[in-house]
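Next comes run_28.txt, a file with compact mmCIF, C-alpha atoms.
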```
# COMPACT_ATOMS: atom_id res chain seq x y z
CA MET A 102 21.14 -33.43 -13.75
CA ALA A 103 18.35 -35.50 -15.35
CA ASN A 104 14.83 -35.18 -14.05
CA ILE A 105 13.28 -37.94 -11.93
CA ARG A 106 10.88 -40.07 -13.96
CA ALA A 107 7.72 -40.67 -11.92
CA VAL A 108 4.24 -42.09 -12.31
CA VAL A 109 1.74 -40.44 -9.96
CA SER A 110 -1.47 -42.18 -8.92
CA LEU A 111 -4.28 -39.87 -7.74
CA GLY A 112 -6.98 -41.09 -5.35
CA HIS A 113 -10.60 -39.98 -4.83
CA LYS A 114 -9.65 -36.95 -2.71
CA ALA A 115 -7.76 -35.50 -5.66
CA LEU A 116 -10.94 -35.41 -7.76
CA GLY A 117 -13.94 -35.12 -5.45
CA TYR A 118 -17.20 -36.97 -5.96
CA THR A 119 -19.31 -34.66 -8.15
CA THR A 120 -18.62 -32.44 -11.15
CA ASN A 121 -18.58 -29.29 -8.99
CA GLU A 122 -16.38 -30.92 -6.34
CA GLN A 123 -14.02 -32.07 -9.07
CA LEU A 124 -13.55 -28.56 -10.45
CA LYS A 125 -12.52 -27.36 -6.99
CA ALA A 126 -10.46 -30.44 -6.11
CA VAL A 127 -8.32 -30.45 -9.25
CA LYS A 128 -7.14 -26.92 -8.51
CA VAL A 129 -5.64 -28.19 -5.24
CA THR A 130 -4.35 -31.30 -6.98
CA ALA A 131 -2.72 -29.18 -9.68
CA LYS A 132 -0.68 -27.32 -7.05
CA ALA A 133 0.68 -30.60 -5.65
CA LEU A 134 1.51 -31.88 -9.13
CA ALA A 135 3.13 -28.57 -10.05
CA ASP A 136 5.27 -28.83 -6.89
CA LEU A 137 6.59 -32.14 -8.25
CA VAL A 138 7.28 -30.66 -11.69
CA GLN A 139 9.03 -27.70 -10.10
CA GLY A 140 11.03 -30.16 -7.98
CA GLY A 141 12.49 -31.81 -11.07
CA TYR A 142 10.00 -34.60 -11.78
CA ASP A 143 8.81 -35.76 -15.20
CA LEU A 144 5.24 -36.94 -14.66
CA ALA A 145 2.84 -39.47 -16.05
CA ILE A 146 -0.44 -39.25 -14.12
CA THR A 147 -3.12 -41.86 -13.48
CA HIS A 148 -6.28 -41.29 -11.48
CA SER A 149 -9.24 -42.98 -9.85
CA ASN A 150 -12.70 -42.72 -11.39
CA GLY A 151 -15.01 -44.65 -9.04
CA PRO A 152 -17.49 -41.83 -8.31
CA GLN A 153 -17.18 -40.45 -11.84
CA VAL A 154 -17.81 -43.68 -13.75
CA SER A 155 -20.62 -44.56 -11.35
CA MET A 156 -22.25 -41.16 -11.95
CA ILE A 157 -22.01 -41.63 -15.72
CA HIS A 158 -23.41 -45.15 -15.50
CA LYS A 159 -26.33 -43.90 -13.42
CA ALA A 160 -27.03 -41.07 -15.86
CA MET A 161 -26.95 -43.35 -18.89
CA THR A 162 -29.16 -45.93 -17.16
CA GLU A 163 -31.72 -43.24 -16.28
CA LEU A 164 -31.62 -41.92 -19.84
CA ARG A 165 -32.41 -45.40 -21.13
CA ARG A 166 -35.25 -45.76 -18.60
CA LEU A 167 -36.84 -42.43 -19.55
CA TYR A 168 -36.20 -42.75 -23.28
CA PRO A 169 -36.32 -46.45 -24.27
CA ASP A 170 -35.10 -45.68 -27.79
CA TYR A 171 -31.65 -44.84 -26.40
CA SER A 172 -29.22 -47.74 -26.06
CA PRO A 173 -27.78 -48.33 -22.59
CA ALA A 174 -24.08 -47.44 -22.35
CA ALA A 175 -21.68 -50.33 -21.82
CA MET A 176 -19.20 -50.12 -18.93
CA CYS A 177 -16.30 -49.63 -21.34
CA VAL A 178 -18.09 -46.60 -22.83
CA CYS A 179 -18.75 -45.14 -19.36
CA SER A 180 -15.07 -45.64 -18.53
CA ALA A 181 -14.04 -43.82 -21.73
CA MET A 182 -16.36 -40.92 -20.88
CA SER A 183 -14.90 -40.64 -17.38
CA GLN A 184 -11.33 -40.64 -18.72
CA GLY A 185 -12.20 -37.82 -21.08
CA TYR A 186 -13.79 -35.41 -18.65
CA VAL A 187 -11.49 -36.14 -15.70
CA GLY A 188 -8.45 -35.74 -17.95
CA PHE A 189 -9.90 -32.50 -19.31
CA ASP A 190 -10.12 -31.00 -15.81
CA ILE A 191 -6.70 -32.25 -14.71
CA GLN A 192 -4.82 -31.08 -17.78
CA ASN A 193 -6.43 -27.65 -17.83
CA SER A 194 -5.91 -27.00 -14.11
CA LEU A 195 -2.33 -28.27 -14.17
CA LYS A 196 -1.44 -26.33 -17.31
CA SER A 197 -2.82 -23.15 -15.72
CA GLU A 198 -0.89 -23.75 -12.47
CA LEU A 199 2.34 -24.40 -14.36
CA LEU A 200 1.97 -21.26 -16.47
CA MET A 201 1.51 -19.19 -13.30
CA ARG A 202 4.90 -20.54 -12.20
CA GLY A 203 6.53 -19.77 -15.53
CA ILE A 204 6.66 -23.42 -16.63
CA THR A 205 5.57 -24.10 -20.22
CA LYS A 206 5.36 -27.90 -20.25
CA SER A 207 2.60 -29.43 -22.34
CA VAL A 208 -0.08 -31.53 -20.58
CA SER A 209 -1.99 -34.13 -22.63
CA THR A 210 -4.62 -36.77 -21.91
CA ILE A 211 -4.44 -40.11 -23.73
CA LEU A 212 -7.62 -42.17 -23.94
CA THR A 213 -6.18 -45.49 -22.79
CA GLN A 214 -7.36 -49.05 -23.38
CA VAL A 215 -6.01 -51.95 -21.33
CA THR A 216 -6.31 -55.61 -22.30
CA VAL A 217 -7.57 -58.17 -19.81
CA ASP A 218 -7.85 -61.95 -19.86
CA PRO A 219 -11.44 -63.08 -20.61
CA TYR A 220 -10.77 -66.10 -18.39
CA ASP A 221 -9.53 -64.04 -15.44
CA GLU A 222 -11.07 -65.47 -12.27
CA ALA A 223 -12.51 -62.04 -11.45
CA PHE A 224 -15.11 -62.48 -14.21
CA TYR A 225 -16.54 -65.46 -12.32
CA ASN A 226 -16.80 -63.56 -9.05
CA PRO A 227 -17.53 -59.85 -9.76
CA THR A 228 -17.41 -57.64 -6.66
CA LYS A 229 -17.02 -54.01 -7.79
CA VAL A 230 -20.25 -52.11 -7.10
CA ILE A 231 -21.34 -49.51 -9.67
CA GLY A 232 -24.44 -47.44 -10.41
CA ARG A 233 -27.58 -46.72 -8.42
CA HIS A 234 -29.90 -48.93 -6.38
CA MET A 235 -32.34 -50.88 -8.55
CA THR A 236 -35.66 -52.56 -7.96
CA ALA A 237 -35.95 -56.34 -8.08
CA GLU A 238 -37.48 -56.05 -11.55
CA GLU A 239 -34.63 -53.90 -12.83
CA ALA A 240 -32.09 -56.25 -11.29
CA ALA A 241 -33.76 -59.22 -12.99
CA MET A 242 -33.50 -57.37 -16.31
CA GLU A 243 -29.77 -56.85 -15.74
CA GLU A 244 -29.35 -60.54 -14.92
CA ARG A 245 -31.12 -61.51 -18.16
CA LYS A 246 -28.59 -59.36 -20.06
CA GLY A 247 -25.79 -61.40 -18.48
CA ASN A 248 -24.84 -58.85 -15.84
CA PHE A 249 -24.44 -59.52 -12.11
CA THR A 250 -26.32 -57.90 -9.22
CA ILE A 251 -26.34 -58.16 -5.44
CA ASP A 252 -29.03 -57.51 -2.83
CA ASP A 253 -27.94 -54.53 -0.72
CA HIS A 254 -29.61 -55.55 2.54
CA GLY A 255 -33.08 -54.28 1.81
CA LYS A 256 -31.96 -51.01 0.17
CA GLY A 257 -32.42 -52.46 -3.30
CA PHE A 258 -30.15 -54.19 -5.76
CA LEU A 259 -26.77 -53.04 -7.08
CA ARG A 260 -24.89 -54.05 -10.17
CA VAL A 261 -21.42 -55.51 -9.68
CA VAL A 262 -18.66 -55.94 -12.26
CA ALA A 263 -15.38 -57.83 -12.38
CA THR A 264 -11.98 -56.35 -11.52
CA PRO A 265 -9.54 -58.34 -13.71
CA LYS A 266 -5.79 -57.80 -13.71
CA PRO A 267 -4.38 -55.64 -16.52
CA ILE A 268 -2.24 -57.32 -19.18
CA GLN A 269 -1.16 -54.74 -21.75
CA ILE A 270 -1.60 -50.98 -22.15
CA VAL A 271 -2.76 -50.60 -25.75
CA GLU A 272 -1.67 -46.97 -26.22
CA LEU A 273 1.65 -47.46 -24.40
CA GLU A 274 3.83 -46.30 -27.30
CA ALA A 275 1.89 -43.04 -27.67
CA ILE A 276 2.15 -42.45 -23.92
CA ARG A 277 5.87 -43.26 -23.91
CA THR A 278 6.58 -40.97 -26.87
CA LEU A 279 5.05 -37.96 -25.10
CA TYR A 280 6.60 -38.90 -21.75
CA ASP A 281 10.11 -39.36 -23.18
CA ALA A 282 9.74 -35.97 -24.87
CA GLY A 283 9.37 -34.37 -21.44
CA GLN A 284 5.64 -33.76 -21.71
CA ILE A 285 3.20 -34.46 -18.88
CA VAL A 286 0.78 -37.25 -19.73
CA VAL A 287 -2.55 -38.15 -18.10
CA ALA A 288 -3.17 -41.79 -19.02
CA ALA A 289 -4.93 -45.01 -18.01
CA GLY A 290 -7.45 -43.07 -15.93
CA GLY A 291 -9.74 -45.17 -13.78
CA GLY A 292 -7.63 -48.24 -14.47
CA GLY A 293 -7.95 -47.81 -18.22
CA ILE A 294 -10.76 -48.93 -20.52
CA PRO A 295 -10.86 -52.73 -20.15
CA VAL A 296 -10.83 -54.55 -23.50
CA ILE A 297 -10.49 -58.13 -24.66
CA GLU A 298 -8.44 -58.93 -27.75
CA GLN A 299 -10.34 -61.24 -30.12
CA SER A 300 -8.94 -62.11 -33.58
CA GLY A 301 -7.10 -58.81 -33.80
CA ASN A 302 -10.08 -56.76 -32.64
CA LEU A 303 -10.57 -55.07 -29.28
CA GLN A 304 -13.91 -55.66 -27.60
CA GLY A 305 -15.00 -53.70 -24.53
CA ALA A 306 -15.25 -55.76 -21.34
CA SER A 307 -17.87 -55.36 -18.62
CA ALA A 308 -15.28 -54.70 -15.95
CA VAL A 309 -13.30 -52.12 -14.00
CA ILE A 310 -9.53 -52.37 -13.59
CA GLU A 311 -8.20 -51.31 -10.21
CA LYS A 312 -6.35 -47.98 -10.41
CA ASP A 313 -3.43 -49.16 -8.29
CA ASP A 314 -2.84 -52.18 -10.55
CA ILE A 315 -2.64 -50.14 -13.74
CA ALA A 316 -0.57 -47.39 -12.11
CA SER A 317 2.04 -49.96 -11.07
CA LEU A 318 2.09 -51.52 -14.55
CA LEU A 319 2.41 -48.09 -16.20
CA ALA A 320 5.31 -47.21 -13.90
CA VAL A 321 7.11 -50.41 -14.89
CA LYS A 322 6.47 -49.97 -18.61
CA LEU A 323 7.66 -46.34 -18.59
CA ASP A 324 10.78 -47.35 -16.64
CA ALA A 325 9.93 -44.84 -13.92
CA ASP A 326 12.38 -44.10 -11.13
CA GLN A 327 9.57 -43.52 -8.67
CA PHE A 328 5.97 -44.59 -8.24
CA ILE A 329 4.13 -41.95 -6.20
CA ILE A 330 0.75 -42.78 -4.68
CA LEU A 331 -1.18 -39.73 -3.45
CA THR A 332 -3.92 -40.77 -1.07
CA GLY A 333 -5.81 -39.55 2.01
CA VAL A 334 -3.05 -40.00 4.65
CA ASP A 335 0.39 -38.43 5.07
CA GLU A 336 2.00 -41.81 5.84
CA VAL A 337 1.10 -45.48 5.92
CA LYS A 338 0.35 -46.41 9.51
CA LYS A 339 0.64 -49.53 11.59
CA SER A 340 -2.42 -50.28 13.75
CA PHE A 341 -4.32 -47.66 11.76
CA GLY A 342 -7.23 -46.17 13.73
CA LYS A 343 -6.14 -47.79 17.01
CA ASP A 344 -4.69 -46.29 20.18
CA ASP A 345 -1.19 -47.54 19.30
CA GLU A 346 -1.30 -46.20 15.71
CA THR A 347 2.21 -45.39 14.49
CA PRO A 348 3.41 -43.99 11.13
CA ILE A 349 5.74 -46.08 8.99
CA ARG A 350 8.36 -43.85 7.37
CA HIS A 351 10.22 -46.59 5.54
CA MET A 352 9.80 -50.29 4.81
CA THR A 353 11.21 -52.87 2.43
CA VAL A 354 9.13 -55.09 0.20
CA ALA A 355 9.68 -58.00 2.58
CA GLU A 356 8.53 -55.91 5.55
CA ALA A 357 5.51 -54.63 3.63
CA LYS A 358 4.47 -58.17 2.68
CA GLU A 359 4.87 -59.37 6.27
CA LEU A 360 2.70 -56.54 7.57
CA ALA A 361 0.12 -57.29 4.87
CA GLU A 362 0.03 -60.96 5.82
CA ASN A 363 -0.55 -59.91 9.44
CA GLY A 364 -3.62 -57.92 8.39
CA GLU A 365 -2.14 -54.47 9.02
CA PHE A 366 -3.55 -52.96 5.80
CA GLU A 367 -7.26 -52.66 5.08
CA LYS A 368 -8.38 -54.62 2.01
CA GLY A 369 -10.33 -51.92 0.22
CA THR A 370 -8.01 -49.00 0.93
CA MET A 371 -4.31 -49.37 1.79
CA LEU A 372 -3.73 -53.03 0.89
CA PRO A 373 -4.10 -52.56 -2.90
CA LYS A 374 -1.58 -49.70 -2.74
CA ILE A 375 0.94 -51.83 -0.84
CA GLU A 376 0.47 -54.71 -3.30
CA ALA A 377 0.92 -52.36 -6.27
CA ALA A 378 4.07 -50.93 -4.67
CA CYS A 379 5.52 -54.41 -4.21
CA GLU A 380 4.73 -55.34 -7.82
CA PHE A 381 6.55 -52.24 -9.09
CA LEU A 382 9.61 -52.84 -6.92
CA THR A 383 9.76 -56.53 -7.85
CA ALA A 384 9.97 -55.51 -11.52
CA LYS A 385 12.24 -52.51 -10.82
CA PRO A 386 14.36 -53.22 -7.71
CA ASN A 387 16.26 -49.93 -8.03
CA GLY A 388 13.04 -47.92 -7.94
CA LYS A 389 11.27 -46.23 -5.05
CA VAL A 390 7.63 -45.94 -3.99
CA LEU A 391 6.34 -42.94 -2.08
CA ILE A 392 2.92 -43.00 -0.42
CA THR A 393 1.65 -39.72 0.98
CA SER A 394 -1.17 -37.17 0.78
CA LEU A 395 -1.73 -34.28 -1.58
CA ASP A 396 -1.16 -31.80 1.23
CA ALA A 397 2.12 -33.39 2.32
CA VAL A 398 3.69 -34.07 -1.09
CA GLY A 399 6.04 -31.08 -0.89
CA ASP A 400 7.47 -32.25 2.43
CA ALA A 401 7.40 -35.88 1.33
CA ILE A 402 9.69 -35.40 -1.67
CA ASN A 403 12.14 -33.70 0.70
CA GLY A 404 12.06 -36.64 3.11
CA LYS A 405 10.10 -34.90 5.85
CA LYS A 406 6.84 -36.85 5.49
CA GLY A 407 5.41 -39.82 3.65
CA THR A 408 6.18 -43.54 3.54
CA VAL A 409 8.99 -44.76 1.32
CA ILE A 410 9.06 -48.38 0.18
CA THR A 411 12.17 -49.91 -1.40
CA ALA A 412 13.15 -53.38 -2.57
CA LEU A 413 15.79 -53.76 0.16
```
As a first step, turn the structure in this file into structure tokens.
Amino acid sequence: MANIRAVVSLGHKALGYTTNEQLKAVKVTAKALADLVQGGYDLAITHSNGPQVSMIHKAMTELRRLYPDYSPAAMCVCSAMSQGYVGFDIQNSLKSELLMRGITKSVSTILTQVTVDPYDEAFYNPTKVIGRHMTAEEAAMEERKGNFTIDDHGKGFLRVVATPKPIQIVELEAIRTLYDAGQIVVAAGGGGIPVIEQSGNLQGASAVIEKDDIASLLAVKLDADQFIILTGVDEVKKSFGKDDETPIRHMTVAEAKELAENGEFEKGTMLPKIEAACEFLTAKPNGKVLITSLDAVGDAINGKKGTVITAL
């Protein structure tokens, strides 16, 4: 029987928030991913990078402040750096876990660029916070460079960048070649490196692509059977955090959209995952989306936990 083709999206919990936390977290994450491989899944893996790219941006900004001769690192460069070191930890931990189970699959990380529309409305209303708090003078300097900042209620100023929708995955054919060969691929980390195509050239964009958006697109492009979102809860819940909170074990796209319209899913956390799930299932009606936690993934693939979303 053929393996199940799946794209797995890893959230913040899978990676931690610092370099030391990440080293510990990926060992746990590797066990969950290895459970999927052992269960007959072919995997392409995407991951978040919010804390990681923010840490890199802060470090590069401080380096520029202390040593003016150094050029500040553009957001696209920070994103590339985060893809490299997060992928390094994931692939090494997963490869080690697989070998301990007698599985000799190769694990590779592909530095992935993703094109965005320069006229995407997100560029006119950037909202994604990155980096450290700045003084008013530093914020003014960022504004003069064409960047955007916000006043964080007396704590200082923060830089904000756009979150445009992804259009094309530049390295898709390389990813697909490895994936179709049965290898495990870590790709499009942190939403991918956002680039704008201009006269045949790719120019880095001052933006961050949402992880859930690119994970859904990757799942469609790789013709995945399942899109698995590993997050901080075992199941999606109705009335989350309230006295009448109840888990949702299964819902259709229509039911998910109705619940979203009724405000059941929080904007910054669960809503993007539900929207990404619906986008995948609209493009691939025979597919399936599973939302669960790292700890529950073993039970979830056996139907004991998790939330399953289907087209009908």
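Residue nearest Ala223 (chain A) within the list A:Pro265, A:Gly112, A:Pro152, A:Gly364: A:Pro265 [criterion: smallest interatomic distance, only C-alpha atoms].
Distance-wise, CA of Arg202 (chain A) and CA of Gly283 (chain A) end up 17.2 Å apart.
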| Which is closer to Val187 (chain A) than all the others in A:Phe328, A:Phe258, A:Tyr118, A:Tyr280, using all atoms listed in the file? | A:Tyr118
| field | Within 9 Å of Arg350 (chain A) using all atoms listed in the file, minus same-chain residues under 6 positions, as number ranges by chain | value | A: 336-338, 406-410
Written file, previous selection with C-alpha atoms, as an mmCIF file, keeping the file's coordinate frame:
```cif
data_model
loop_
_atom_site.group_PDB
_atom_site.id
_atom_site.type_symbol
_atom_site.label_atom_id
_atom_site.label_comp_id
_atom_site.auth_asym_id
_atom_site.auth_seq_id
_atom_site.Cartn_x
_atom_site.Cartn_y
_atom_site.Cartn_z
ATOM 1 C CA GLU A 336 2.000 -41.810 5.840
ATOM 2 C CA VAL A 337 1.100 -45.480 5.920
ATOM 3 C CA LYS A 338 0.350 -46.410 9.510
ATOM 4 C CA LYS A 406 6.840 -36.850 5.490
ATOM 5 C CA GLY A 407 5.410 -39.820 3.650
ATOM 6 C CA THR A 408 6.180 -43.540 3.540
ATOM 7 C CA VAL A 409 8.990 -44.760 1.320
ATOM 8 C CA ILE A 410 9.060 -48.380 0.180
#
```
| From the list A:Lys114, A:Tyr186, A:Ile204, A:Val262, which residue is nearest Thr228 (chain A) when using all atoms listed in the file? | A:Val262
Missing atoms of region 306-336 of chain A rebuilt to N, CA and C atoms, written as a CSV table (one decimal), keeping the file's coordinate frame:
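To be explicit, this is the file written out as out38.csv:
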```
chain,number,residue,atom,x,y,z
A,306,ALA,N,-14.9,-54.8,-22.4
A,306,ALA,CA,-15.2,-55.8,-21.3
A,306,ALA,C,-16.1,-55.1,-20.2
A,307,SER,N,-17.0,-55.8,-19.7
A,307,SER,CA,-17.9,-55.4,-18.6
A,307,SER,C,-17.1,-55.5,-17.3
A,308,ALA,N,-16.2,-54.6,-17.1
A,308,ALA,CA,-15.3,-54.7,-16.0
A,308,ALA,C,-14.7,-53.3,-15.6
A,309,VAL,N,-14.0,-53.3,-14.5
A,309,VAL,CA,-13.3,-52.1,-14.0
A,309,VAL,C,-11.9,-52.6,-13.5
A,310,ILE,N,-10.9,-52.0,-14.0
A,310,ILE,CA,-9.5,-52.4,-13.6
A,310,ILE,C,-9.2,-51.5,-12.4
A,311,GLU,N,-8.6,-52.1,-11.4
A,311,GLU,CA,-8.2,-51.3,-10.2
A,311,GLU,C,-7.1,-50.3,-10.6
A,312,LYS,N,-7.3,-49.1,-10.1
A,312,LYS,CA,-6.4,-48.0,-10.4
A,312,LYS,C,-4.9,-48.3,-10.0
A,313,ASP,N,-4.8,-48.9,-8.8
A,313,ASP,CA,-3.4,-49.2,-8.3
A,313,ASP,C,-2.7,-50.2,-9.2
A,314,ASP,N,-3.4,-51.2,-9.7
A,314,ASP,CA,-2.8,-52.2,-10.6
A,314,ASP,C,-2.3,-51.6,-11.8
A,315,ILE,N,-3.1,-50.7,-12.5
A,315,ILE,CA,-2.6,-50.1,-13.7
A,315,ILE,C,-1.6,-49.1,-13.5
A,316,ALA,N,-1.6,-48.4,-12.4
A,316,ALA,CA,-0.6,-47.4,-12.1
A,316,ALA,C,0.8,-48.1,-11.9
A,317,SER,N,0.8,-49.2,-11.3
A,317,SER,CA,2.0,-50.0,-11.1
A,317,SER,C,2.6,-50.5,-12.4
A,318,LEU,N,1.7,-51.0,-13.2
A,318,LEU,CA,2.1,-51.5,-14.6
A,318,LEU,C,2.6,-50.4,-15.4
A,319,LEU,N,2.0,-49.2,-15.4
A,319,LEU,CA,2.4,-48.1,-16.2
A,319,LEU,C,3.8,-47.6,-15.7
A,320,ALA,N,4.0,-47.6,-14.4
A,320,ALA,CA,5.3,-47.2,-13.9
A,320,ALA,C,6.4,-48.1,-14.4
A,321,VAL,N,6.1,-49.4,-14.4
A,321,VAL,CA,7.1,-50.4,-14.9
A,321,VAL,C,7.4,-50.2,-16.4
A,322,LYS,N,6.3,-50.1,-17.2
A,322,LYS,CA,6.5,-50.0,-18.6
A,322,LYS,C,7.2,-48.7,-19.0
A,323,LEU,N,7.0,-47.6,-18.3
A,323,LEU,CA,7.7,-46.3,-18.6
A,323,LEU,C,9.1,-46.2,-18.0
A,324,ASP,N,9.5,-47.3,-17.3
A,324,ASP,CA,10.8,-47.4,-16.6
A,324,ASP,C,10.9,-46.2,-15.7
A,325,ALA,N,9.9,-46.0,-14.9
A,325,ALA,CA,9.9,-44.8,-13.9
A,325,ALA,C,10.9,-45.1,-12.8
A,326,ASP,N,11.5,-44.0,-12.3
A,326,ASP,CA,12.4,-44.1,-11.1
A,326,ASP,C,11.6,-44.2,-9.8
A,327,GLN,N,10.4,-43.5,-9.9
A,327,GLN,CA,9.6,-43.5,-8.7
A,327,GLN,C,8.1,-43.7,-9.0
A,328,PHE,N,7.4,-44.4,-8.1
A,328,PHE,CA,6.0,-44.6,-8.2
A,328,PHE,C,5.4,-43.9,-7.0
A,329,ILE,N,4.6,-42.8,-7.3
A,329,ILE,CA,4.1,-42.0,-6.2
A,329,ILE,C,2.6,-42.1,-6.1
A,330,ILE,N,2.2,-42.6,-4.9
A,330,ILE,CA,0.8,-42.8,-4.7
A,330,ILE,C,0.2,-41.7,-3.7
A,331,LEU,N,-0.6,-40.8,-4.3
A,331,LEU,CA,-1.2,-39.7,-3.4
A,331,LEU,C,-2.6,-40.1,-3.0
A,332,THR,N,-2.7,-40.2,-1.7
A,332,THR,CA,-3.9,-40.8,-1.1
A,332,THR,C,-4.4,-39.9,0.1
A,333,GLY,N,-5.2,-40.4,1.0
A,333,GLY,CA,-5.8,-39.6,2.0
A,333,GLY,C,-5.0,-39.4,3.3
A,334,VAL,N,-3.8,-40.1,3.4
A,334,VAL,CA,-3.0,-40.0,4.6
A,334,VAL,C,-1.6,-39.6,4.3
A,335,ASP,N,-1.0,-38.9,5.3
A,335,ASP,CA,0.4,-38.4,5.1
A,335,ASP,C,1.4,-39.6,5.0
A,336,GLU,N,1.1,-40.6,5.8
A,336,GLU,CA,2.0,-41.8,5.8
A,336,GLU,C,1.2,-43.1,6.0
```
